[in-house]
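*Asks:* Here it is, the structure in full.
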Amino acid sequence: ALIALCVGIIGIFTYIVLRFELSFAIGAIVAVLHDILIAVGIVVLLGEQLSQIHVAAILTIAGYSINDTIIVFDRIRETLLIRTGEVRVVMNEAINQTLSRTLLTSSTTIVTVIILAIFGGAALRDFSVTILVGLVIGTYSSIFVAAPVVLWWSNRKGGNLRKDVQATVIAAEAMKADA
């Protein structure tokens, strides 16, 4: 179970690094690790052993969380390209633009998982409870962990996040033109 979890996480991290600029990749990796560690911690606090059901739930949490984070990051990247002003303010605007969508999507999924936990029987209870914890934590981290880490990392390395995004867009357009 631990090997499957590690291989799955390595695959997700590889995708993140290839998909985003370094600052965004660092933010996404920190957010996913945050979600996984809290989910595993809750499983341990509940006195459960880490089973294959939990591994499946944790990998699902990682996938759901990274999807949510990518949506927020894409909006941040789009907004950085079209708006001027301080990067922190532009990032905040972009997060606010995706906030209602993120909360509605997560709430709908959470209601479904609660129903699954209540009526799914003992076989699905461990999976549902782990997913429920992961959905709440994953929604939180997509909004309040990932973007601040991106901003912190970008400021720490002394780069310009807007220019990094513009360079990535230019490189992607050049690759499309060559193809």
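Ordering of the structure tokens sets the chain letters (A, B, ...), residue numbers begin anew at 1 in every chain, and ligands are numbered from 1 in the order given.
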What lies within 10 Å of stretch 54-63 of chain A using only C-alpha atoms, ignoring chain neighbours under 2 positions off, as a PyMOL selection string?
*Replies:* chain A and resi 1-6+8-9+12+29+31-37+39-40+43+48-52+65-69+126-138
*Asks:* Do a neighbour search on stretch 85-95 of chain A at 10 Å with only C-alpha atoms, toss out local chain neighbours closer than 2 positions, and write the hits as a PyMOL selection string.
*Replies:* chain A and resi 71-83+97-100+102+142-144+147-148+150-152+160-162
*Asks:* Between atom CA of A:Thr105 and atom CA of A:Tyr140, what distance in Å does the model show, to one decimal?
*Replies:*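 Atom-to-atom, atom CA of A:Thr105 to atom CA of A:Tyr140, that is 12.8 Å.
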*Asks:* Applying 7 Å and only C-alpha atoms, which residues near stretch 14-24 of chain A remain after dropping the ones on its own chain fewer than 4 positions away? List them as a CSV table (one decimal) with N, CA and C atoms, in the first residue's frame.
*Replies:*
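Done, and the output landed in part-v4.csv:
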```
chain,number,residue,atom,x,y,z
A,10,ILE,N,4.4,10.3,-6.7
A,10,ILE,CA,5.5,10.7,-7.6
A,10,ILE,C,5.0,11.1,-9.0
A,28,ALA,N,1.8,23.8,-5.6
A,28,ALA,CA,0.9,22.7,-5.8
A,28,ALA,C,1.4,21.5,-5.0
A,150,VAL,N,3.1,29.9,-3.6
A,150,VAL,CA,3.5,30.4,-4.9
A,150,VAL,C,4.1,31.8,-4.8
A,153,TRP,N,7.4,31.7,-2.7
A,153,TRP,CA,8.5,31.2,-3.4
A,153,TRP,C,9.0,32.2,-4.5
A,154,SER,N,8.1,32.8,-5.2
A,154,SER,CA,8.4,33.7,-6.2
A,154,SER,C,9.2,34.9,-5.6
A,164,ASP,N,7.5,35.2,-15.6
A,164,ASP,CA,7.6,33.8,-15.7
A,164,ASP,C,6.4,33.2,-16.4
```
